[in-house]
Structure formats: C-alpha cells, structure tokens
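So this one's data07.cif, mmCIF, C-alpha atoms and all ligand atoms:
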```cif
data_coords
loop_
_atom_site.label_atom_id
_atom_site.label_comp_id
_atom_site.auth_asym_id
_atom_site.auth_seq_id
_atom_site.Cartn_x
_atom_site.Cartn_y
_atom_site.Cartn_z
CA MET A 1 10.69 37.40 76.69
CA SER A 2 9.16 33.97 76.06
CA ARG A 3 6.31 33.93 73.59
CA ARG A 4 5.19 30.46 74.71
CA PRO A 5 1.87 30.15 76.45
CA VAL A 6 2.16 29.60 80.19
CA ALA A 7 -0.21 27.73 82.51
CA GLN A 8 0.45 29.17 85.92
CA ILE A 9 -0.86 26.88 88.66
CA ASN A 10 -1.64 28.52 91.98
CA LEU A 11 -1.11 25.87 94.63
CA ALA A 12 -2.39 28.14 97.40
CA ALA A 13 -5.73 28.38 95.57
CA LEU A 14 -5.76 24.59 95.26
CA SER A 15 -5.34 24.22 99.06
CA HIS A 16 -8.03 26.84 99.60
CA ASN A 17 -10.47 24.90 97.41
CA LEU A 18 -9.79 21.71 99.34
CA GLN A 19 -10.59 23.58 102.55
CA ARG A 20 -13.81 24.70 100.92
CA VAL A 21 -14.71 21.04 100.30
CA GLN A 22 -14.00 20.36 103.99
CA GLN A 23 -16.33 23.23 104.96
CA LEU A 24 -19.11 21.99 102.70
CA ALA A 25 -18.81 18.33 103.76
CA PRO A 26 -17.35 18.49 107.27
CA ALA A 27 -18.38 14.97 108.25
CA SER A 28 -16.97 13.29 105.14
CA LYS A 29 -13.54 12.08 104.15
CA ILE A 30 -12.15 13.42 100.90
CA LEU A 31 -11.23 11.23 97.95
CA ALA A 32 -9.65 13.82 95.65
CA VAL A 33 -10.08 12.87 91.99
CA LEU A 34 -6.82 13.45 90.12
CA LYS A 35 -7.36 11.64 86.84
CA ALA A 36 -6.22 13.03 83.47
CA ASN A 37 -3.12 14.69 84.91
CA ALA A 38 -5.22 16.21 87.70
CA TYR A 39 -7.55 17.78 85.15
CA GLY A 40 -4.56 19.19 83.28
CA HIS A 41 -2.98 20.81 86.35
CA GLY A 42 -0.09 18.38 86.87
CA LEU A 43 -0.72 15.09 88.68
CA VAL A 44 2.24 14.97 91.05
CA LYS A 45 2.29 18.67 92.04
CA VAL A 46 -1.42 18.59 92.75
CA ALA A 47 -1.10 15.42 94.84
CA GLN A 48 1.85 16.88 96.75
CA THR A 49 -0.21 19.97 97.54
CA LEU A 50 -3.41 18.23 98.62
CA THR A 51 -1.90 16.90 101.83
CA ALA A 52 -5.21 17.36 103.65
CA ALA A 53 -7.06 14.94 101.34
CA ASP A 54 -7.67 11.47 102.80
CA ALA A 55 -7.06 9.57 99.56
CA PHE A 56 -6.65 10.08 95.81
CA ALA A 57 -8.60 8.61 92.91
CA VAL A 58 -7.30 8.12 89.38
CA ALA A 59 -8.78 6.43 86.32
CA ARG A 60 -5.86 4.25 85.28
CA ILE A 61 -3.13 2.20 86.81
CA ASP A 62 -0.31 4.19 85.11
CA GLU A 63 -1.59 7.35 86.82
CA ALA A 64 -1.50 5.56 90.18
CA LEU A 65 2.01 4.24 89.56
CA ALA A 66 3.23 7.73 88.59
CA LEU A 67 2.02 8.93 92.00
CA ARG A 68 3.77 6.08 93.80
CA THR A 69 6.99 6.69 91.84
CA ALA A 70 6.84 10.31 92.97
CA GLY A 71 6.70 9.15 96.57
CA ILE A 72 3.00 9.70 97.26
CA VAL A 73 1.98 7.31 100.07
CA LYS A 74 -1.69 8.16 100.55
CA PRO A 75 -4.31 5.55 99.59
CA ILE A 76 -5.04 5.57 95.84
CA VAL A 77 -8.27 4.25 94.30
CA LEU A 78 -8.52 3.07 90.68
CA LEU A 79 -11.92 4.34 89.55
CA GLU A 80 -12.17 1.91 86.63
CA GLY A 81 -10.56 -0.88 88.61
CA PHE A 82 -8.24 -3.39 86.96
CA TYR A 83 -8.72 -4.92 83.53
CA GLU A 84 -7.03 -8.32 83.95
CA ALA A 85 -6.01 -10.64 86.75
CA ALA A 86 -2.31 -10.14 85.92
CA GLU A 87 -2.58 -6.59 87.31
CA LEU A 88 -3.67 -7.73 90.75
CA PRO A 89 -0.14 -8.34 92.15
CA ILE A 90 0.82 -4.82 90.94
CA LEU A 91 -2.13 -3.39 92.85
CA LEU A 92 -1.13 -5.28 95.97
CA ALA A 93 2.57 -4.35 95.71
CA ASN A 94 1.69 -0.66 95.30
CA ASN A 95 -1.09 -0.53 97.84
CA LEU A 96 -3.70 0.47 95.24
CA GLN A 97 -7.39 0.12 96.01
CA THR A 98 -9.69 -1.04 93.25
CA VAL A 99 -13.24 -0.38 92.19
CA VAL A 100 -15.12 -3.53 91.23
CA HIS A 101 -17.87 -2.96 88.70
CA ASN A 102 -18.27 -6.20 86.75
CA GLU A 103 -18.33 -9.98 86.90
CA LEU A 104 -14.91 -10.45 85.28
CA GLN A 105 -13.25 -8.45 88.03
CA LEU A 106 -15.12 -10.36 90.69
CA GLN A 107 -14.12 -13.72 89.20
CA ALA A 108 -10.48 -12.62 88.97
CA LEU A 109 -10.56 -11.75 92.66
CA GLU A 110 -12.25 -15.03 93.54
CA GLN A 111 -9.55 -16.97 91.73
CA THR A 112 -6.64 -15.05 93.24
CA ALA A 113 -4.86 -16.00 96.38
CA PHE A 114 -1.89 -13.96 97.47
CA ASP A 115 -0.14 -12.98 100.60
CA GLY A 116 -2.15 -9.89 101.34
CA GLN A 117 -5.55 -8.36 100.70
CA LEU A 118 -6.87 -5.58 98.48
CA LYS A 119 -9.23 -2.82 99.52
CA VAL A 120 -12.27 -2.91 97.22
CA TRP A 121 -14.93 -0.31 96.36
CA LEU A 122 -18.05 -1.94 94.95
CA LYS A 123 -19.63 0.29 92.33
CA ILE A 124 -23.38 0.10 91.87
CA ASP A 125 -25.08 1.42 88.76
CA THR A 126 -27.96 3.48 90.13
CA GLY A 127 -28.79 5.17 86.83
CA MET A 128 -25.68 6.45 85.06
CA HIS A 129 -25.55 3.20 83.05
CA ARG A 130 -21.83 3.43 82.42
CA LEU A 131 -19.91 1.41 85.02
CA GLY A 132 -21.32 -0.54 87.94
CA ILE A 133 -23.23 -3.67 88.80
CA THR A 134 -27.01 -3.67 88.52
CA PRO A 135 -28.99 -3.17 91.74
CA GLU A 136 -30.43 -6.68 91.26
CA ARG A 137 -26.98 -8.21 91.61
CA PHE A 138 -25.82 -6.06 94.50
CA ASP A 139 -26.46 -8.60 97.28
CA GLU A 140 -24.75 -11.37 95.34
CA PHE A 141 -21.64 -9.25 94.58
CA TYR A 142 -21.50 -8.05 98.15
CA ARG A 143 -21.63 -11.61 99.52
CA ARG A 144 -19.12 -13.01 97.05
CA LEU A 145 -16.66 -10.17 97.69
CA TRP A 146 -16.89 -10.80 101.42
CA GLN A 147 -15.94 -14.42 100.76
CA CYS A 148 -12.87 -13.56 98.64
CA GLN A 149 -9.63 -14.30 100.37
CA ALA A 150 -7.91 -11.60 98.33
CA VAL A 151 -10.33 -8.89 99.50
CA GLN A 152 -9.91 -6.91 102.71
CA PRO A 153 -12.92 -6.93 105.02
CA GLY A 154 -14.71 -3.60 104.94
CA ILE A 155 -15.79 -3.26 101.32
CA ARG A 156 -16.71 0.31 100.40
CA LEU A 157 -19.89 1.06 98.45
CA MET A 158 -20.14 3.70 95.75
CA SER A 159 -22.18 5.02 92.87
CA HIS A 160 -21.94 7.99 90.51
CA PHE A 161 -24.53 10.64 89.64
CA CYS A 162 -25.31 11.39 86.01
CA CYS A 163 -27.21 14.66 86.53
CA ALA A 164 -25.82 16.20 89.72
CA ASP A 165 -25.00 19.34 87.74
CA MET A 166 -28.73 19.88 87.19
CA PRO A 167 -29.94 20.89 90.67
CA GLY A 168 -33.43 19.61 91.40
CA SER A 169 -33.10 16.79 88.85
CA ALA A 170 -35.52 13.92 89.50
CA LYS A 171 -32.87 11.52 88.22
CA THR A 172 -30.46 12.52 91.00
CA ALA A 173 -33.17 12.06 93.63
CA GLU A 174 -33.92 8.59 92.21
CA GLN A 175 -30.26 7.60 92.23
CA LEU A 176 -29.80 8.78 95.81
CA ALA A 177 -32.93 6.96 96.99
CA LEU A 178 -31.91 3.73 95.26
CA PHE A 179 -28.38 3.87 96.66
CA GLN A 180 -29.65 4.54 100.16
CA GLN A 181 -32.19 1.75 99.91
CA LEU A 182 -29.56 -0.76 98.78
CA CYS A 183 -27.07 0.26 101.43
CA THR A 184 -29.48 0.83 104.26
CA ASP A 185 -28.53 -2.20 106.36
CA LYS A 186 -24.84 -2.09 105.44
CA ALA A 187 -22.28 -0.75 107.85
CA GLU A 188 -19.70 -0.20 105.12
CA GLN A 189 -18.44 3.24 104.17
CA GLN A 190 -20.31 4.84 101.29
CA SER A 191 -19.54 7.38 98.57
CA LEU A 192 -21.66 9.18 95.99
CA ALA A 193 -20.93 12.88 95.72
CA ASN A 194 -18.89 14.54 92.95
CA SER A 195 -18.28 18.32 92.97
CA ALA A 196 -21.81 19.23 91.90
CA ALA A 197 -23.36 17.08 94.64
CA ILE A 198 -20.88 18.36 97.24
CA ILE A 199 -22.17 21.86 96.52
CA SER A 200 -25.85 21.24 95.92
CA LEU A 201 -26.84 17.97 97.60
CA PRO A 202 -25.57 17.73 101.20
CA GLN A 203 -27.75 14.69 101.89
CA SER A 204 -25.57 12.74 99.43
CA HIS A 205 -22.23 13.45 101.14
CA GLY A 206 -21.95 10.16 103.03
CA ASP A 207 -18.62 8.87 104.34
CA TRP A 208 -16.51 9.92 101.35
CA VAL A 209 -16.97 12.80 98.91
CA ARG A 210 -15.15 12.71 95.55
CA PRO A 211 -14.35 16.24 94.36
CA GLY A 212 -12.58 16.79 91.05
CA LEU A 213 -13.42 19.96 89.15
CA MET A 214 -14.13 22.16 92.18
CA LEU A 215 -10.62 21.59 93.52
CA HIS A 216 -9.47 23.68 90.59
CA GLY A 217 -11.76 26.56 91.50
CA ILE A 218 -14.35 25.95 88.82
CA SER A 219 -18.10 25.71 89.18
CA PRO A 220 -19.55 22.29 88.39
CA LEU A 221 -22.98 23.91 88.02
CA PRO A 222 -23.88 25.56 84.73
CA ASP A 223 -24.50 29.32 84.74
CA LYS A 224 -22.45 29.72 87.91
CA LEU A 225 -18.83 30.72 88.40
CA GLY A 226 -16.40 29.17 90.88
CA GLN A 227 -16.22 32.38 92.88
CA GLN A 228 -19.96 32.13 93.59
CA HIS A 229 -19.12 28.97 95.55
CA GLN A 230 -16.14 30.73 97.23
CA LEU A 231 -13.69 28.80 95.09
CA GLN A 232 -10.50 30.28 93.64
CA PRO A 233 -9.27 29.56 90.11
CA VAL A 234 -6.09 27.50 90.16
CA MET A 235 -4.98 27.75 86.54
CA ARG A 236 -4.10 30.99 84.77
CA LEU A 237 -3.43 30.39 81.07
CA SER A 238 -1.62 33.28 79.43
CA SER A 239 0.36 34.22 76.34
CA ARG A 240 1.61 37.37 74.61
CA LEU A 241 0.50 39.83 71.97
CA ILE A 242 2.88 39.26 69.05
CA ALA A 243 1.50 41.53 66.31
CA MET A 244 -0.96 44.38 65.68
CA ARG A 245 -2.38 45.54 62.38
CA GLN A 246 -5.06 47.89 61.18
CA VAL A 247 -7.82 46.52 58.95
CA GLN A 248 -10.25 48.57 56.92
CA ALA A 249 -14.03 48.26 56.99
CA GLY A 250 -15.05 45.25 54.88
CA GLU A 251 -11.75 43.37 55.24
CA THR A 252 -11.81 39.86 56.71
CA VAL A 253 -9.53 38.29 59.28
CA GLY A 254 -8.18 34.75 59.50
CA TYR A 255 -8.80 31.42 57.76
CA GLY A 256 -11.97 31.25 55.73
CA GLY A 257 -12.48 35.00 56.06
CA THR A 258 -15.26 34.27 58.53
CA TRP A 259 -15.09 37.61 60.33
CA ARG A 260 -15.41 40.94 58.52
CA ALA A 261 -14.60 44.33 60.03
CA GLU A 262 -17.63 46.64 60.04
CA GLN A 263 -15.39 49.65 60.48
CA THR A 264 -11.70 50.39 60.52
CA THR A 265 -10.19 48.69 63.55
CA TRP A 266 -6.99 47.26 64.98
CA ILE A 267 -6.46 43.52 65.22
CA GLY A 268 -4.18 42.01 67.86
CA VAL A 269 -2.51 38.64 67.28
CA ILE A 270 -1.91 36.50 70.37
CA ALA A 271 0.45 33.53 70.43
CA ILE A 272 -1.88 30.71 71.39
CA GLY A 273 -4.00 28.38 69.28
CA TYR A 274 -5.52 24.95 69.12
CA GLY A 275 -2.01 23.49 68.98
CA ASP A 276 -1.72 24.61 72.60
CA GLY A 277 -5.21 23.51 73.57
CA TYR A 278 -7.14 26.74 73.04
CA PRO A 279 -10.52 25.59 71.68
CA ARG A 280 -10.83 25.88 67.91
CA HIS A 281 -14.58 26.21 68.20
CA ALA A 282 -14.43 29.40 70.27
CA ILE A 283 -16.86 31.76 68.57
CA ASN A 284 -16.44 35.39 67.53
CA GLY A 285 -16.86 37.41 70.71
CA THR A 286 -15.18 34.93 73.07
CA PRO A 287 -13.60 37.08 75.80
CA VAL A 288 -9.83 37.46 76.17
CA TRP A 289 -8.22 39.51 78.94
CA LEU A 290 -5.52 41.68 77.39
CA ALA A 291 -3.30 44.06 79.36
CA GLY A 292 -6.04 44.99 81.82
CA ARG A 293 -9.16 45.00 79.66
CA GLU A 294 -11.49 42.51 78.07
CA VAL A 295 -11.34 42.23 74.28
CA LYS A 296 -13.15 39.89 71.90
CA LEU A 297 -11.86 37.06 69.77
CA VAL A 298 -12.54 37.59 66.06
CA GLY A 299 -11.93 35.17 63.18
CA ARG A 300 -11.02 31.51 63.38
CA VAL A 301 -8.65 30.12 65.97
CA SER A 302 -5.52 28.85 64.18
CA MET A 303 -2.93 26.34 65.36
CA ASP A 304 -0.58 28.86 66.98
CA MET A 305 -2.49 32.14 67.06
CA ILE A 306 -5.76 33.85 67.75
CA THR A 307 -6.90 37.29 66.65
CA VAL A 308 -8.75 39.83 68.78
CA ASP A 309 -10.44 43.14 68.04
CA LEU A 310 -8.61 46.01 69.75
CA GLY A 311 -10.87 48.81 68.48
CA ASP A 312 -9.81 51.99 66.71
CA ALA A 313 -7.47 53.43 69.36
CA PRO A 314 -5.65 50.56 71.07
CA THR A 315 -3.40 51.24 74.01
CA GLU A 316 -1.71 47.84 73.89
CA SER A 317 1.81 47.13 72.70
CA ILE A 318 3.47 44.06 71.29
CA GLY A 319 4.64 41.85 74.16
CA ASP A 320 1.65 42.63 76.37
CA GLU A 321 0.23 39.74 78.33
CA ALA A 322 -3.06 38.10 77.36
CA VAL A 323 -4.97 35.87 79.77
CA LEU A 324 -7.11 33.22 78.13
CA TRP A 325 -8.59 32.06 81.44
CA GLY A 326 -7.73 32.49 85.09
CA PRO A 327 -8.57 34.85 87.95
CA GLU A 328 -9.14 37.72 85.48
CA LEU A 329 -11.39 35.72 83.16
CA ALA A 330 -13.51 32.76 84.24
CA ILE A 331 -12.89 29.57 82.29
CA GLU A 332 -16.62 28.84 82.60
CA ARG A 333 -17.29 31.79 80.25
CA VAL A 334 -14.73 30.63 77.70
CA ALA A 335 -16.12 27.09 77.76
CA GLN A 336 -19.59 28.40 77.07
CA CYS A 337 -18.32 30.36 74.05
CA ALA A 338 -16.64 27.22 72.72
CA GLU A 339 -19.72 25.04 73.31
CA THR A 340 -17.79 22.85 75.68
CA ILE A 341 -17.19 22.38 79.40
CA PRO A 342 -14.25 23.55 81.52
CA TYR A 343 -13.23 19.91 82.06
CA GLU A 344 -12.45 19.55 78.37
CA LEU A 345 -10.56 22.84 78.10
CA LEU A 346 -8.31 21.79 80.99
CA CYS A 347 -7.64 18.30 79.65
CA ASN A 348 -6.84 19.60 76.16
CA ILE A 349 -3.81 21.69 77.12
CA THR A 350 -0.88 20.33 75.13
CA PRO A 351 2.80 19.84 76.03
CA ARG A 352 3.69 23.05 74.13
CA VAL A 353 2.43 25.01 77.13
CA ASP A 354 4.93 25.76 79.92
CA TYR A 355 3.80 25.05 83.48
CA GLN A 356 4.75 27.32 86.36
CA TYR A 357 3.78 26.53 89.93
CA ILE A 358 3.30 29.35 92.43
CA THR A 359 2.33 29.21 96.07
CA ARG A 360 0.95 32.66 96.88
CA GLN A 361 -2.68 33.71 97.26
C1 LIG A 401 -16.47 8.17 89.68
C2 LIG A 401 -16.16 9.62 89.74
N1 LIG A 401 -16.25 10.27 90.91
C3 LIG A 401 -15.97 11.59 91.02
C4 LIG A 401 -15.59 12.32 89.92
C5 LIG A 401 -15.30 13.80 90.07
O1 LIG A 401 -16.24 14.55 89.37
P1 LIG A 401 -16.17 16.17 89.36
O2 LIG A 401 -14.92 16.53 88.64
O3 LIG A 401 -17.39 16.57 88.62
O4 LIG A 401 -16.14 16.57 90.79
C6 LIG A 401 -15.49 11.68 88.68
C7 LIG A 401 -15.11 12.46 87.49
O5 LIG A 401 -15.68 12.37 86.46
C8 LIG A 401 -15.77 10.30 88.59
O6 LIG A 401 -15.68 9.65 87.43
#
```

Could you spell out this file's structure in structure tokens?
Ligand SMILES: Cc1ncc(COP(=O)(O)O)c(C=O)c1O
Amino acid sequence: MSRRPVAQINLAALSHNLQRVQQLAPASKILAVLKANAYGHGLVKVAQTLTAADAFAVARIDEALALRTAGIVKPIVLLEGFYEAAELPILLANNLQTVVHNELQLQALEQTAFDGQLKVWLKIDTGMHRLGITPERFDEFYRRLWQCQAVQPGIRLMSHFCCADMPGSAKTAEQLALFQQLCTDKAEQQSLANSAAIISLPQSHGDWVRPGLMLHGISPLPDKLGQQHQLQPVMRLSSRLIAMRQVQAGETVGYGGTWRAEQTTWIGVIAIGYGDGYPRHAINGTPVWLAGREVKLVGRVSMDMITVDLGDAPTESIGDEAVLWGPELAIERVAQCAETIPYELLCNITPRVDYQYITRQ
C-alpha cells in the first residue's frame, strides 16, 4: 500500500460547484479563474471538466499556453495582461485575451499593427490599489483603446474587490458605486464579482462573474464552510498512519519538544508534512480525520510527518487512512488553525503528492 499522500480530485463536485455559480448568477457569463494550477487542483483536468464555463482566466501566459497545448479552445483571459510588446503576436496566435491595466500596455497596443485584433479587458482600480488604471484616466484609456487598430471593438470593463469577503464592508459598496458610475453610459460588458461577491453581493454580478475558490467547494467568506453555500469540496487530501507509540505523562513529542503529554497516551504518526504542503504552522489541536474519527495534531509538523493524539485506548492500526482535508474535514477549519487561508493551503501542495481524479458524487 502506498504511503504517499494523495490529493483526490472529485470532478463531479467541481461540475456541481459550477452549476451553483450558475444558480447564484443566472444572468451572468462565467469566467472561471484557473490560475496557480487551478488553485492546486490541476489546470488541464479542471479546464476539461468545466465545459459549462464561458471562458477561463489565468494569471500568466505560460498557464494559458499550457491550456492551449492541451487542446482547450475556450476563450482565455490573461488577468495580468502581457508584460512586453514581443508577447502580443503570441497572444494573437493563441487567441488569448488580455487585461490592460497600465500605460505601457496601452502604448504597446497603440504601436502594434498586425493582421488580426485582440480582445481587451480594461481594468480600473476602484480601490484595491494593486492593478488597474485610475478612475481619472478611465475615459482617456477607453478612447485610446477604441482607436487602436490591434484592439477588437467591444472592450470589456473590469475591476476587482479588495474586501468582498467582509460582507457589509463600506469599501465594497464604494468600489461598486465608483465602477457603476464610471461605466454607466458604456454599453460594454462588465465584470466585478469574485467568489465572495457572487455569494454575497448579487448587485455586483454584471455581465461576467469570475469565480475561483468557490469552484473548489470552499467558502470565500470567513467563519462559513462551503457546504453552507451548497458547495461540495473537490479536493480530499489523505495519507496513512505509519507508526503508533505510547508516551508517558510528562514526555514531549516532536521537534523542540513543544507538546507535552499530560497523561499517558498513544501518539499516531501520519505520513504527511510540510514537504508535501501540509502547513508547518498548524497549531496543537488542528483537526485530522483518522479512520472515522477526528483526532488532534500534537507537536510540530515535520517535513514528512505529523503526530496526532490517539488517546489511551486507540482503535486505529498502522496503514489506516488519515484525511487532512476534504469532505470529512473542512479545509476552512484547517486553514484557521494554521493562521492562513484555504487558497494558500491549496497552492502549497508539492509535487510529492499523487493526484487521482474521480468522477463520482
Ligand atoms: C482579478 C481576479 N478575479 C477573480 C479572482 C477569483 O477570486 P476568488 O478565488 O476569490 O473567487 C481572482 C483571484 O484572486 C482575481 O485575481
């Protein structure tokens, strides 16, 4: 029996979550965000499964080209756009759409003439202050893009929320109002909503919604679980119990001796660690699902192993399966115990983990 950790990816759950997006935003098209290896789920498999999405978004050109190489023909949007003019012919040849968020990109487009036109999404900074043109320059960018020979008519307009995961946030209301005010007399298609806004801010849905995290069955809102939004977890990360030992009251477990047994107990050793992407900062008490019950992590996470407290009369045996997150144990809970967010846990999974794709509910 393999002792390697396994990330089982449930493609039926992925399709279900996409349907859930459709239910929540029935009037919008779906731009499924697949950057960072589809949030650690496997870029190509995820794209092949999301046949009902209208288009895909990635952060970088190599991610887009990997999709094209795999035979994906749907529209693909580069969320950070291109970095230099030399990339423009590659975008055209591969039918990649680009976000434009700065003057250098605009100038490159103005100076390019080729046999064909690119679809452009103009990104406006309404308050995130990361990418995007300032509201003051919106009219100028809009006009100049319209005049570019290399740009397809029908520019799309977009912005990104910084606080959509904080329902009721004044900042989100300000961003929405500013975006709507800027775009009010524009007939072009518009896009604002990430997962959190899809769930909690229907008035922001617009022509295109941009779900990422929720496609994987995870709640984008703190203190909520995916199932509370009728989402199904897609990833199930598991490994095996490889050793059990009894420790006496007062003995410590693991590097640094940071956890001390208060009474005699059994410790289980599970073959997963930060070398696989399990978070090193997971605290004592982080839940682990082991052979049908929840046990608690104790001691420091090491590179290849974690240790859990099995109590004084364990029923487990070596070889039993442990689930680190998945349908049995919400990743949102694990993230909280590691002072991080599910996004980071998913992206941190390393190549030592085997991927298995299943298609049943
Ligand atoms: C521009 C943009 N839109 C949409 C998303 C999707 O966000 P989420 O995964 O929270 O749905 C992201 C991801 O960070 C993004 O950068």

With 8 Å of padding per side, what axis-aligned box (centre and edge lengths, Å, one decimal) covers all the listed atoms of ligand LIG 401 (chain A)? Give it as AutoDock Vina command-line options.
```
--center_x -16.2 --center_y 12.4 --center_z 88.7 --size_x 18.5 --size_y 24.4 --size_z 20.6
```

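Minimum atom-to-atom distance to ligand LIG 401 (chain A), evaluated using all atoms listed in the file, belongs to A:Val99 out of A:Val234, A:Ala150, A:Val46, A:Val99.
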
Which residues sit within 10 Å of ligand LIG 401 (chain A), counting all atoms listed in the file, listed as a PDB file with C-alpha atoms, keeping the file's coordinate frame?
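Produced file result-v9.pdb, reproduced below:
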```
ATOM      1  CA  LEU A  31     -11.230  11.230  97.950  1.00  0.00           C
ATOM      2  CA  ALA A  32      -9.650  13.820  95.650  1.00  0.00           C
ATOM      3  CA  VAL A  33     -10.080  12.870  91.990  1.00  0.00           C
ATOM      4  CA  LEU A  34      -6.820  13.450  90.120  1.00  0.00           C
ATOM      5  CA  LYS A  35      -7.360  11.640  86.840  1.00  0.00           C
ATOM      6  CA  ALA A  36      -6.220  13.030  83.470  1.00  0.00           C
ATOM      7  CA  ALA A  38      -5.220  16.210  87.700  1.00  0.00           C
ATOM      8  CA  TYR A  39      -7.550  17.780  85.150  1.00  0.00           C
ATOM      9  CA  ALA A  57      -8.600   8.610  92.910  1.00  0.00           C
ATOM     10  CA  VAL A  58      -7.300   8.120  89.380  1.00  0.00           C
ATOM     11  CA  ALA A  59      -8.780   6.430  86.320  1.00  0.00           C
ATOM     12  CA  LEU A  78      -8.520   3.070  90.680  1.00  0.00           C
ATOM     13  CA  LEU A  79     -11.920   4.340  89.550  1.00  0.00           C
ATOM     14  CA  GLU A  80     -12.170   1.910  86.630  1.00  0.00           C
ATOM     15  CA  VAL A  99     -13.240  -0.380  92.190  1.00  0.00           C
ATOM     16  CA  LYS A 123     -19.630   0.290  92.330  1.00  0.00           C
ATOM     17  CA  LEU A 131     -19.910   1.410  85.020  1.00  0.00           C
ATOM     18  CA  MET A 158     -20.140   3.700  95.750  1.00  0.00           C
ATOM     19  CA  SER A 159     -22.180   5.020  92.870  1.00  0.00           C
ATOM     20  CA  HIS A 160     -21.940   7.990  90.510  1.00  0.00           C
ATOM     21  CA  PHE A 161     -24.530  10.640  89.640  1.00  0.00           C
ATOM     22  CA  CYS A 162     -25.310  11.390  86.010  1.00  0.00           C
ATOM     23  CA  ALA A 164     -25.820  16.200  89.720  1.00  0.00           C
ATOM     24  CA  ASP A 165     -25.000  19.340  87.740  1.00  0.00           C
ATOM     25  CA  SER A 191     -19.540   7.380  98.570  1.00  0.00           C
ATOM     26  CA  LEU A 192     -21.660   9.180  95.990  1.00  0.00           C
ATOM     27  CA  ALA A 193     -20.930  12.880  95.720  1.00  0.00           C
ATOM     28  CA  ASN A 194     -18.890  14.540  92.950  1.00  0.00           C
ATOM     29  CA  SER A 195     -18.280  18.320  92.970  1.00  0.00           C
ATOM     30  CA  ALA A 196     -21.810  19.230  91.900  1.00  0.00           C
ATOM     31  CA  ALA A 197     -23.360  17.080  94.640  1.00  0.00           C
ATOM     32  CA  ILE A 198     -20.880  18.360  97.240  1.00  0.00           C
ATOM     33  CA  ILE A 199     -22.170  21.860  96.520  1.00  0.00           C
ATOM     34  CA  VAL A 209     -16.970  12.800  98.910  1.00  0.00           C
ATOM     35  CA  ARG A 210     -15.150  12.710  95.550  1.00  0.00           C
ATOM     36  CA  PRO A 211     -14.350  16.240  94.360  1.00  0.00           C
ATOM     37  CA  GLY A 212     -12.580  16.790  91.050  1.00  0.00           C
ATOM     38  CA  LEU A 213     -13.420  19.960  89.150  1.00  0.00           C
ATOM     39  CA  MET A 214     -14.130  22.160  92.180  1.00  0.00           C
ATOM     40  CA  LEU A 215     -10.620  21.590  93.520  1.00  0.00           C
ATOM     41  CA  HIS A 216      -9.470  23.680  90.590  1.00  0.00           C
ATOM     42  CA  ILE A 218     -14.350  25.950  88.820  1.00  0.00           C
ATOM     43  CA  SER A 219     -18.100  25.710  89.180  1.00  0.00           C
ATOM     44  CA  PRO A 220     -19.550  22.290  88.390  1.00  0.00           C
ATOM     45  CA  LEU A 221     -22.980  23.910  88.020  1.00  0.00           C
ATOM     46  CA  TYR A 343     -13.230  19.910  82.060  1.00  0.00           C
TER      47      TYR A 343
END
```

*For region 107-113 of chain A, work out the shell of residues within 7 Å, counting all atoms listed in the file and skipping chain neighbours fewer than 3 positions away, then give it as a PyMOL selection string.*
chain A and resi 85+103-104+148-150

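The interatomic distance for the pair CA of Thr264 (chain A) and CA of Val323 (chain A) works out to 25.0 Å.
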
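Candidate residues A:Ala27, A:Leu182, A:Val353, A:Val100 were compared for distance to Asp139 (chain A), and the nearest is A:Leu182, using only C-alpha atoms.
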
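The protein and nucleic acid residues lying at most 12 Å from Ile341 (chain A) are Asp165, Leu213, Ile218, Ser219, Pro220, Leu221, Pro222, Asp223, Pro279, Ala282, Ile331, Glu332, Arg333, Val334, Ala335, Gln336, Cys337, Ala338, Glu344, Leu345, Leu346, Cys347 and Asn348 of chain A, with only C-alpha atoms considered and sequence neighbours fewer than 3 positions away removed.
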
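One distance worth recording is that between CA of Ile306 (chain A) and CA of Leu43 (chain A), which is 28.6 Å.
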
_Spatial neighbours of Glu262 (chain A), max dist 10 Å, only C-alpha atoms, sep filter under 6 positions, as a list of chain:residue names_ = A:Val247, A:Gln248, A:Ala249, A:Gly250, A:Glu251, A:Thr252

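Separating CA of Pro26 (chain A) from CA of Phe179 (chain A) is a distance of 21.2 Å.
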
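If you measure from each of A:Asp309, A:Leu201, A:Pro89, A:Gln147 to Ser169 (chain A) using only C-alpha atoms, the closest one turns out to be A:Leu201.
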
*Got a sec: who's within 7 Å of Trp289 (chain A), counting all atoms listed in the file, leaving out chain neighbours fewer than 2 positions off, as a list in words?*
Pro287, Ala291, Gly292, Arg293, Glu294, Val295, Ala322, Val323, Leu324, Glu328 and Leu329 of chain A

*Looking at only C-alpha atoms, which of A:Gly116, A:Gly127, A:Pro135, A:Gly226 is the one that sits closest to Ala173 (chain A)?*
A:Gly127

Do you know which residues are at most 10 Å from Asp54 (chain A) counting all atoms listed in the file, after dropping those on the same chain fewer than 5 positions away, and could you put them as a PDB file with C-alpha atoms, keeping the file's coordinate frame?
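Below you can see around.pdb, which holds the result:
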```
ATOM      1  CA  SER A  28     -16.970  13.290 105.140  1.00  0.00           C
ATOM      2  CA  LYS A  29     -13.540  12.080 104.150  1.00  0.00           C
ATOM      3  CA  ILE A  30     -12.150  13.420 100.900  1.00  0.00           C
ATOM      4  CA  LEU A  31     -11.230  11.230  97.950  1.00  0.00           C
ATOM      5  CA  ALA A  32      -9.650  13.820  95.650  1.00  0.00           C
ATOM      6  CA  LYS A  74      -1.690   8.160 100.550  1.00  0.00           C
ATOM      7  CA  PRO A  75      -4.310   5.550  99.590  1.00  0.00           C
ATOM      8  CA  ILE A  76      -5.040   5.570  95.840  1.00  0.00           C
ATOM      9  CA  TRP A 208     -16.510   9.920 101.350  1.00  0.00           C
TER      10      TRP A 208
END
```

*asked:* With distances taken over all atoms listed in the file, which residue among A:Arg300, A:Lys45, A:Arg3, A:Arg156 lies nearest Leu118 (chain A)?
replied: A:Arg156

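The smallest atom-to-atom distance between Leu11 (chain A) and any of A:Gly217, A:Thr350, A:Trp259, A:Leu92, using all atoms listed in the file, is found for A:Gly217.
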
Given the block above, output region 282-295 of chain A with C-alpha atoms as an mmCIF file, in the first residue's frame.
```
data_model
loop_
_atom_site.group_PDB
_atom_site.id
_atom_site.type_symbol
_atom_site.label_atom_id
_atom_site.label_comp_id
_atom_site.auth_asym_id
_atom_site.auth_seq_id
_atom_site.Cartn_x
_atom_site.Cartn_y
_atom_site.Cartn_z
ATOM 1 C CA ALA A 282 -0.718 24.259 12.142
ATOM 2 C CA ILE A 283 -1.180 24.558 15.893
ATOM 3 C CA ASN A 284 -1.650 21.861 18.529
ATOM 4 C CA GLY A 285 -5.281 20.811 18.272
ATOM 5 C CA THR A 286 -5.601 21.156 14.484
ATOM 6 C CA PRO A 287 -8.171 18.522 13.470
ATOM 7 C CA VAL A 288 -7.233 15.423 11.459
ATOM 8 C CA TRP A 289 -9.780 12.832 10.345
ATOM 9 C CA LEU A 290 -8.379 9.382 11.109
ATOM 10 C CA ALA A 291 -10.170 6.129 10.317
ATOM 11 C CA GLY A 292 -13.616 7.552 11.026
ATOM 12 C CA ARG A 293 -12.985 9.920 13.926
ATOM 13 C CA GLU A 294 -11.499 13.329 14.494
ATOM 14 C CA VAL A 295 -8.175 13.441 16.337
#
```
